[in-house]
Every structure is written in C-alpha cells, then in structure tokens.
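Quick look at target27.cif (mmCIF, C-alpha atoms and all ligand atoms):
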```cif
data_query
#
loop_
_atom_site.label_atom_id
_atom_site.label_comp_id
_atom_site.auth_asym_id
_atom_site.auth_seq_id
_atom_site.Cartn_x
_atom_site.Cartn_y
_atom_site.Cartn_z
CA MET I 1 -4.43 -12.05 12.25
CA ASN I 2 -0.75 -12.04 13.29
CA HIS I 3 2.17 -13.13 11.08
CA GLN I 4 5.83 -12.82 11.93
CA LEU I 5 9.00 -12.66 9.86
CA GLY I 6 12.14 -12.12 11.95
CA ASN I 7 11.71 -8.81 13.77
CA ILE I 8 8.58 -7.88 11.79
CA LEU I 9 5.01 -8.56 12.87
CA ILE I 10 2.10 -8.15 10.44
CA ARG I 11 -1.19 -7.37 12.14
CA ASN I 12 -4.39 -5.39 11.65
CA ALA I 13 -3.99 -1.62 12.10
CA ARG I 14 -5.36 0.00 15.27
CA THR I 15 -6.29 3.61 15.86
CA SER I 16 -3.44 3.74 18.40
CA ASP I 17 -1.04 3.32 15.43
CA VAL I 18 -2.15 6.62 13.94
CA GLU I 19 0.82 8.76 15.00
CA ASP I 20 3.39 6.29 13.65
CA ILE I 21 1.41 5.96 10.41
CA VAL I 22 1.29 9.73 9.91
CA GLU I 23 5.05 9.99 10.53
CA LEU I 24 5.71 7.25 7.95
CA LEU I 25 3.37 8.91 5.43
CA ASN I 26 4.79 12.39 5.86
CA LYS I 27 8.38 11.23 5.29
CA ILE I 28 7.26 9.72 1.98
CA ILE I 29 5.14 12.75 1.06
CA GLU I 30 8.07 15.05 1.79
CA LYS I 31 10.35 12.96 -0.45
CA GLY I 32 7.78 13.69 -3.13
CA ASP I 33 8.49 11.24 -5.94
CA ASP I 34 6.88 7.96 -4.78
CA THR I 35 3.20 8.86 -4.62
CA VAL I 36 0.80 11.54 -5.85
CA TRP I 37 0.18 12.81 -2.32
CA ASP I 38 1.49 16.35 -2.27
CA MET I 39 0.38 17.72 1.09
CA PRO I 40 1.21 16.53 4.61
CA CYS I 41 -1.20 14.21 6.40
CA THR I 42 -2.42 15.12 9.89
CA VAL I 43 -3.14 12.85 12.85
CA GLU I 44 -6.75 14.11 12.91
CA PHE I 45 -7.29 13.32 9.23
CA GLU I 46 -5.77 9.83 9.47
CA ARG I 47 -7.71 8.99 12.65
CA GLN I 48 -11.00 10.05 11.09
CA TRP I 49 -10.17 8.15 7.92
CA MET I 50 -9.33 4.97 9.88
CA GLU I 51 -12.60 5.23 11.80
CA ASN I 52 -14.60 5.51 8.58
CA LEU I 53 -13.12 2.78 6.40
CA ARG I 54 -15.41 1.24 3.80
CA PRO I 55 -17.05 -1.94 5.10
CA GLY I 56 -14.95 -4.89 3.95
CA SER I 57 -11.66 -2.94 4.04
CA LEU I 58 -8.44 -4.50 5.29
CA TYR I 59 -5.81 -2.27 6.84
CA ASN I 60 -2.64 -4.04 7.97
CA VAL I 61 0.61 -2.77 9.38
CA ALA I 62 4.16 -4.11 9.58
CA GLN I 63 5.47 -3.48 13.08
CA ARG I 64 9.10 -3.73 14.17
CA MET I 65 8.98 -5.90 17.28
CA ASP I 66 12.00 -4.58 19.18
CA ASP I 67 10.72 -0.98 19.41
CA SER I 68 7.05 -1.43 18.28
CA LYS I 69 7.51 1.11 15.45
CA ILE I 70 5.17 0.87 12.44
CA VAL I 71 7.35 0.50 9.33
CA GLY I 72 4.78 -0.45 6.68
CA ILE I 73 1.08 -0.06 5.90
CA HIS I 74 -1.15 -1.89 3.45
CA MET I 75 -4.69 -0.79 2.71
CA LEU I 76 -7.14 -2.78 0.66
CA SER I 77 -10.74 -1.68 0.17
CA PRO I 78 -13.73 -2.61 -1.98
CA MET I 79 -13.51 -0.94 -5.37
CA LEU I 80 -16.91 0.70 -5.16
CA ARG I 81 -18.86 1.28 -2.01
CA TYR I 82 -22.39 0.37 -3.08
CA TYR I 83 -22.11 -2.18 -5.91
CA ARG I 84 -22.41 -5.88 -5.16
CA ALA I 85 -21.42 -6.71 -8.74
CA THR I 86 -17.87 -5.43 -8.20
CA ALA I 87 -17.49 -6.45 -4.55
CA HIS I 88 -14.92 -9.15 -5.43
CA ASN I 89 -12.46 -6.44 -6.59
CA ALA I 90 -10.33 -4.38 -4.25
CA ASN I 91 -8.21 -1.27 -4.62
CA MET I 92 -4.97 -1.09 -2.66
CA TRP I 93 -1.96 0.93 -1.67
CA LEU I 94 1.10 -0.19 0.21
CA LEU I 95 3.89 1.91 1.69
CA ILE I 96 7.12 0.98 3.43
CA ASP I 97 9.11 3.40 5.59
CA LEU I 98 11.93 5.04 3.63
CA ASP I 99 14.58 3.60 5.96
CA GLU I 100 13.23 0.04 5.88
CA ARG I 101 13.02 -0.69 2.16
CA GLY I 102 14.75 -3.54 0.37
CA LYS I 103 14.50 -5.87 3.40
CA GLY I 104 11.57 -7.99 2.21
CA ILE I 105 8.99 -6.22 4.40
CA GLY I 106 6.81 -4.97 1.51
CA GLY I 107 6.65 -8.41 -0.06
CA PHE I 108 5.80 -10.09 3.25
CA LEU I 109 3.14 -7.48 4.11
CA ALA I 110 1.57 -7.80 0.65
CA LYS I 111 1.47 -11.59 0.68
CA THR I 112 -0.04 -11.66 4.18
CA THR I 113 -2.75 -9.13 3.30
CA PHE I 114 -3.54 -10.88 0.00
CA GLU I 115 -4.05 -14.17 1.84
CA GLU I 116 -6.44 -12.48 4.26
CA ALA I 117 -8.22 -10.75 1.35
CA LYS I 118 -8.66 -14.02 -0.50
CA ASN I 119 -10.14 -15.61 2.62
CA LYS I 120 -12.61 -12.72 2.78
CA GLY I 121 -13.78 -13.38 -0.79
CA TYR I 122 -11.75 -10.89 -2.81
CA GLU I 123 -10.69 -12.24 -6.19
CA ARG I 124 -8.75 -9.38 -7.76
CA VAL I 125 -6.70 -6.40 -6.63
CA HIS I 126 -6.19 -3.16 -8.54
CA MET I 127 -3.81 -0.30 -7.93
CA GLN I 128 -2.47 2.80 -9.60
CA LEU I 129 1.19 3.76 -9.64
CA ARG I 130 3.01 6.78 -10.93
CA GLU I 131 4.42 5.88 -14.33
CA ASP I 132 7.79 7.31 -13.27
CA ASN I 133 7.94 5.18 -10.09
CA LEU I 134 10.00 2.41 -11.65
CA ASN I 135 11.02 0.86 -8.31
CA SER I 136 7.41 0.30 -7.31
CA LEU I 137 6.57 -1.03 -10.77
CA SER I 138 9.36 -3.62 -10.37
CA PHE I 139 7.94 -4.50 -6.96
CA ALA I 140 4.41 -4.81 -8.40
CA PHE I 141 5.56 -7.13 -11.22
CA LYS I 142 7.36 -9.25 -8.64
CA LEU I 143 4.03 -9.61 -6.80
CA GLY I 144 2.31 -10.75 -10.00
CA PHE I 145 0.58 -7.53 -11.06
CA ARG I 146 0.14 -6.74 -14.76
CA ILE I 147 -0.47 -3.41 -16.43
CA ILE I 148 -4.00 -3.01 -17.83
CA GLY I 149 -3.81 0.62 -18.87
CA THR I 150 -2.43 4.08 -18.41
CA ALA I 151 -4.40 7.13 -17.31
CA GLU I 152 -2.63 10.06 -18.91
CA ASN I 153 -2.16 13.29 -16.93
CA GLN I 154 -4.34 11.78 -14.19
CA ALA I 155 -2.42 13.52 -11.43
CA LYS I 156 -1.02 17.02 -11.12
CA CYS I 157 1.62 17.30 -8.42
CA TYR I 158 3.51 20.50 -7.79
CA SER I 159 2.14 21.82 -11.14
CA LYS I 160 3.48 18.81 -13.06
CA TYR I 161 1.15 16.38 -14.83
CA LEU I 162 1.77 12.69 -14.19
CA ASN I 163 0.54 9.53 -15.90
CA LEU I 164 -0.79 6.79 -13.65
CA VAL I 165 -0.34 3.15 -14.60
CA ILE I 166 -3.29 0.91 -13.70
CA LEU I 167 -2.36 -2.60 -12.58
CA GLU I 168 -4.28 -5.68 -11.52
CA LYS I 169 -3.51 -9.01 -9.93
CA SER I 170 -5.68 -12.08 -9.52
CA LEU I 171 -5.84 -13.56 -6.03
CA LEU I 172 -7.25 -16.87 -7.26
C1 LIG V 201 7.48 -0.50 -3.47
C2 LIG V 201 7.73 -0.76 -1.99
C3 LIG V 201 6.40 -1.06 -1.31
C4 LIG V 201 8.68 -1.96 -1.86
O1 LIG V 201 8.81 -2.30 -0.50
P1 LIG V 201 10.13 -3.10 0.01
O2 LIG V 201 9.89 -3.53 1.40
O3 LIG V 201 11.32 -2.28 -0.25
O4 LIG V 201 10.12 -4.34 -0.99
P2 LIG V 201 10.80 -5.77 -0.74
O5 LIG V 201 12.11 -5.58 -0.06
O6 LIG V 201 9.81 -6.65 -0.06
O7 LIG V 201 11.04 -6.26 -2.24
C5 LIG V 201 10.29 -7.26 -2.85
C6 LIG V 201 10.70 -7.36 -4.31
O8 LIG V 201 10.32 -6.15 -4.99
C7 LIG V 201 11.36 -5.73 -5.86
N1 LIG V 201 11.80 -4.39 -5.49
C8 LIG V 201 11.57 -3.76 -4.32
N2 LIG V 201 12.14 -2.53 -4.35
C9 LIG V 201 12.74 -2.43 -5.55
C10 LIG V 201 13.52 -1.41 -6.15
N3 LIG V 201 13.78 -0.26 -5.50
N4 LIG V 201 13.98 -1.61 -7.40
C11 LIG V 201 13.73 -2.75 -8.05
N5 LIG V 201 13.02 -3.77 -7.53
C12 LIG V 201 12.53 -3.61 -6.29
C13 LIG V 201 12.52 -6.64 -5.70
O9 LIG V 201 12.53 -7.45 -6.87
C14 LIG V 201 12.21 -7.49 -4.49
O10 LIG V 201 12.49 -8.81 -4.79
P3 LIG V 201 13.85 -9.53 -4.31
O11 LIG V 201 13.57 -9.88 -2.88
O12 LIG V 201 13.95 -10.68 -5.22
O13 LIG V 201 14.93 -8.52 -4.45
C15 LIG V 201 8.41 0.47 -1.31
O14 LIG V 201 9.55 0.83 -2.06
C16 LIG V 201 7.51 1.67 -1.20
O15 LIG V 201 6.86 1.87 -0.18
N6 LIG V 201 7.45 2.50 -2.27
C17 LIG V 201 6.69 3.73 -2.28
C18 LIG V 201 5.23 3.52 -2.21
C19 LIG V 201 4.65 2.87 -3.42
O16 LIG V 201 4.95 3.21 -4.54
N7 LIG V 201 3.78 1.93 -3.15
C20 LIG V 201 3.15 1.13 -4.17
C21 LIG V 201 3.75 -0.22 -4.14
S1 LIG V 201 2.91 -1.41 -4.90
#
```
Please express the file's structure as structure tokens.
Ligand SMILES: CC(C)(COP(=O)(O)OP(=O)(O)OC[C@H]1O[C@@H](n2cnc3c(N)ncnc32)[C@H](O)[C@@H]1OP(=O)(O)O)[C@@H](O)C(=O)NCCC(=O)NCCS
Amino acid sequence: MNHQLGNILIRNARTSDVEDIVELLNKIIEKGDDTVWDMPCTVEFERQWMENLRPGSLYNVAQRMDDSKIVGIHMLSPMLRYYRATAHNANMWLLIDLDERGKGIGGFLAKTTFEEAKNKGYERVHMQLREDNLNSLSFAFKLGFRIIGTAENQAKCYSKYLNLVILEKSLL
C-alpha cells in the first residue's frame, strides 16, 4: 500500500521506522498538551509493541520523500482482541510531527488508512481525545467523527484530571 501526495508518501510502518517514530512521539509527549501520554517512549518499548500488534491492526506512516523522515503515524486496531462480534470496529490514534502540522498530512494519512481499513472489513472507527485538545477535535469533525460521549476524569496527567471525549466515525 503506497500513496503519494507531493513530498509525502503513505505506506505501512516497518520496524526500521522505530527510531523516527519514537523521536516524533517524544517531541509530542514533551509538549504535553496534545495527548495523555506523560512519560517518554523508548525504542525498545516501541519495537516490542510494533512486533506484537493485535491481528488485524493497521499501522501506517507518512514519510517525507526528500529525506525519508517519518512525519506522521496512524494506528488502527480491532476494538477488542477476542470478540468476533465487535471485530468490525476499530480504535485509532493519529499523530503528526509538531513541525509538519497544518499542511494536509494528517487528513491525507487518515483518508488513506480509512480506505485500507474499509477494504479489510472495518465499518466503524472510534477514538478518544482530550476534551481540552480543541485543535484535534476540529480535525476529527473535519474527518466526519461525531462525539458519542465523555469519560470524565478518565486520565490523570501530571496530577491533573482530564476528561476524554469519545468519538466515532462510520467508514461505510
Ligand atoms: C490533529 C492532527 C492529527 C492534525 O494533523 P494536520 O496534519 O495538522 O492536519 P491537516 O493539515 O491535515 O488538517 C486537516 C483539517 O483539520 C483541521 N485542523 C487541523 N489542525 C487544526 C487546528 N490546529 N485547528 C483547527 N482545525 C484544524 C482543519 O480544518 C484542516 O482542514 P483544512 O485543510 O480545511 O484547513 C495534529 O495536529 C496532531 O497530531 N495532533 C496531536 C495528536 C492528536 O491529538 N491526535 C488525534 C487526532 S484525531
């Protein structure tokens, strides 16, 4: 699966991407207000995690073609590991490098992964966002997500409770 938009290539993630992915993640974790991740990721953790993805998972990256740098990641995995009844639903997260936002990469990466997910039989995607992450909520609405609930005080980052908004989008 390869899709190209200008200087950006969307393709499946490889374990050789792990160092770029960890760098991208840690910049966002250090910024602190996008996600609920509040401790740095290590190369060992990410490599192990990539090697043990749930069956049926999709993990795509956006790669800058001129220097091969990974500037976006999109993970989509079956909602529950062992239940056939919910196997048409996926959970997801999507992250774009801090320096590459607002250039259309997130939208392109999402649309490409959703197309692949639909072809694999997924019908609906769910995700959770921090209630105070208004930029990402705008992005999610643009992609066609709708809010189906709020989990109050679901996360506790740096001793502060945060509400998480639960969103879903049909792929049909
Ligand atoms: C949310 C995120 C993925 C957007 O990625 P991006 O590459 O900057 O998004 P795009 O440039 O493709 O924007 C697509 C649309 O989303 C909306 N959008 C993106 N960033 C926005 C912002 N900061 N404020 C308001 N709207 C925004 C815009 O409406 C844009 O549409 P437009 O082309 O008509 O302007 C990125 O900011 C990110 O990684 N955030 C932190 C991680 C996160 O919260 N992930 C969950 C996302 S669902």
Closest atom pairs, residues of range 75-147 of chain I within 10 Å of range 55-62 of chain I, only C-alpha atoms, as a tab-separated table:
```
residue	atom	partner	partner_atom	distance
I:Met75	CA	I:Tyr59	CA	4.5
I:Leu76	CA	I:Leu58	CA	5.1
I:Ser77	CA	I:Ser57	CA	4.2
I:Pro78	CA	I:Ser57	CA	6.4
I:Met79	CA	I:Ser57	CA	9.8
I:Arg81	CA	I:Pro55	CA	8.0
I:Ala87	CA	I:Gly56	CA	9.0
I:Ala90	CA	I:Ser57	CA	8.5
I:Asn91	CA	I:Ser57	CA	9.5
I:Met92	CA	I:Leu58	CA	9.3
I:Trp93	CA	I:Tyr59	CA	9.9
I:Leu94	CA	I:Asn60	CA	9.4
I:Leu95	CA	I:Val61	CA	9.6
I:Ile96	CA	I:Ala62	CA	8.5
I:Asp97	CA	I:Ala62	CA	9.8
I:Ile105	CA	I:Ala62	CA	7.4
I:Gly106	CA	I:Ala62	CA	8.5
I:Phe108	CA	I:Ala62	CA	8.9
I:Leu109	CA	I:Ala62	CA	6.5
I:Ala110	CA	I:Asn60	CA	9.2
I:Thr112	CA	I:Asn60	CA	8.9
I:Thr113	CA	I:Asn60	CA	6.9
I:Phe114	CA	I:Leu58	CA	9.6
I:Glu116	CA	I:Leu58	CA	8.3
I:Ala117	CA	I:Leu58	CA	7.4
I:Lys120	CA	I:Gly56	CA	8.3
I:Gly121	CA	I:Gly56	CA	9.8
I:Tyr122	CA	I:Gly56	CA	9.6
```
Shell around range 63-72 of chain I at 12 Å using all atoms listed in the file, local window under 4 positions removed, as an NGL selection string: :I and (2-14 or 16-25 or 27-28 or 59 or 93-101 or 103-110 or 113)
Need the shell around range 151-158 of chain I: protein/DNA/RNA residues with any atom at most 10 Å away, counting all atoms listed in the file. Skip same-chain ones fewer than 6 positions apart. Format as a JSON list (two decimals) with C-alpha atoms, in the frame of the given file?
```json
[["chain", "number", "residue", "atom", "x", "y", "z"],
["I", 32, "GLY", "CA", 7.78, 13.69, -3.13],
["I", 33, "ASP", "CA", 8.49, 11.24, -5.94],
["I", 35, "THR", "CA", 3.20, 8.86, -4.62],
["I", 36, "VAL", "CA", 0.80, 11.54, -5.85],
["I", 37, "TRP", "CA", 0.18, 12.81, -2.32],
["I", 38, "ASP", "CA", 1.49, 16.35, -2.27],
["I", 39, "MET", "CA", 0.38, 17.72, 1.09],
["I", 128, "GLN", "CA", -2.47, 2.80, -9.60],
["I", 130, "ARG", "CA", 3.01, 6.78, -10.93],
["I", 131, "GLU", "CA", 4.42, 5.88, -14.33],
["I", 164, "LEU", "CA", -0.79, 6.79, -13.65],
["I", 165, "VAL", "CA", -0.34, 3.15, -14.60],
["I", 166, "ILE", "CA", -3.29, 0.91, -13.70]]
```
Atom-to-atom span, CA of Arg84 in chain I and CA of Met50 in chain I, Å: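 So the answer is 22.7 Å.
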Nearest to His126 in chain I by atom-to-atom distance, counting all atoms listed in the file, from I:Ala140, I:Gly102, I:Leu167, I:Lys31: I:Leu167
CA of Arg47 in chain I to atom C16 of ligand LIG 201 (chain V), distance in Å rounded to a single decimal: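 So the two atoms, CA of Arg47 in chain I and atom C16 of ligand LIG 201 (chain V), lie 21.8 Å apart.
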Å distance separating CA of Lys169 in chain I from CA of Glu51 in chain I, one decimal place: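 Interatomic distance, CA of Lys169 in chain I to CA of Glu51 in chain I: 27.5 Å.
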Can you patch up range 152-167 of chain I, filling it in to N, CA and C atoms, and show the result as a JSON list (two decimals), keeping the file's coordinate frame?
```json
[["chain", "number", "residue", "atom", "x", "y", "z"],
["I", 152, "GLU", "N", -3.58, 8.98, -18.62],
["I", 152, "GLU", "CA", -2.63, 10.06, -18.91],
["I", 152, "GLU", "C", -3.01, 11.34, -18.17],
["I", 153, "ASN", "N", -1.99, 12.01, -17.65],
["I", 153, "ASN", "CA", -2.16, 13.29, -16.93],
["I", 153, "ASN", "C", -3.20, 13.19, -15.81],
["I", 154, "GLN", "N", -3.30, 12.03, -15.21],
["I", 154, "GLN", "CA", -4.34, 11.78, -14.19],
["I", 154, "GLN", "C", -4.06, 12.54, -12.89],
["I", 155, "ALA", "N", -2.77, 12.79, -12.65],
["I", 155, "ALA", "CA", -2.42, 13.52, -11.43],
["I", 155, "ALA", "C", -1.66, 14.79, -11.80],
["I", 156, "LYS", "N", -1.77, 15.77, -10.92],
["I", 156, "LYS", "CA", -1.02, 17.02, -11.12],
["I", 156, "LYS", "C", -0.38, 17.35, -9.78],
["I", 157, "CYS", "N", 0.91, 17.09, -9.68],
["I", 157, "CYS", "CA", 1.62, 17.30, -8.42],
["I", 157, "CYS", "C", 2.64, 18.41, -8.59],
["I", 158, "TYR", "N", 2.59, 19.36, -7.71],
["I", 158, "TYR", "CA", 3.51, 20.50, -7.79],
["I", 158, "TYR", "C", 3.53, 21.07, -9.22],
["I", 159, "SER", "N", 2.35, 21.25, -9.80],
["I", 159, "SER", "CA", 2.14, 21.82, -11.14],
["I", 159, "SER", "C", 2.63, 20.94, -12.28],
["I", 160, "LYS", "N", 3.00, 19.69, -11.98],
["I", 160, "LYS", "CA", 3.48, 18.81, -13.06],
["I", 160, "LYS", "C", 2.47, 17.68, -13.28],
["I", 161, "TYR", "N", 2.07, 17.47, -14.55],
["I", 161, "TYR", "CA", 1.15, 16.38, -14.83],
["I", 161, "TYR", "C", 1.88, 15.04, -14.78],
["I", 162, "LEU", "N", 1.17, 14.03, -14.29],
["I", 162, "LEU", "CA", 1.77, 12.69, -14.19],
["I", 162, "LEU", "C", 0.81, 11.66, -14.75],
["I", 163, "ASN", "N", 1.34, 10.68, -15.48],
["I", 163, "ASN", "CA", 0.54, 9.53, -15.90],
["I", 163, "ASN", "C", 0.49, 8.51, -14.77],
["I", 164, "LEU", "N", -0.66, 7.87, -14.63],
["I", 164, "LEU", "CA", -0.79, 6.79, -13.65],
["I", 164, "LEU", "C", -1.01, 5.48, -14.38],
["I", 165, "VAL", "N", -0.22, 4.49, -14.01],
["I", 165, "VAL", "CA", -0.34, 3.15, -14.60],
["I", 165, "VAL", "C", -1.34, 2.36, -13.75],
["I", 166, "ILE", "N", -2.28, 1.69, -14.42],
["I", 166, "ILE", "CA", -3.29, 0.91, -13.70],
["I", 166, "ILE", "C", -2.88, -0.56, -13.78],
["I", 167, "LEU", "N", -2.82, -1.20, -12.61],
["I", 167, "LEU", "CA", -2.36, -2.60, -12.58],
["I", 167, "LEU", "C", -3.39, -3.47, -11.89]]
```
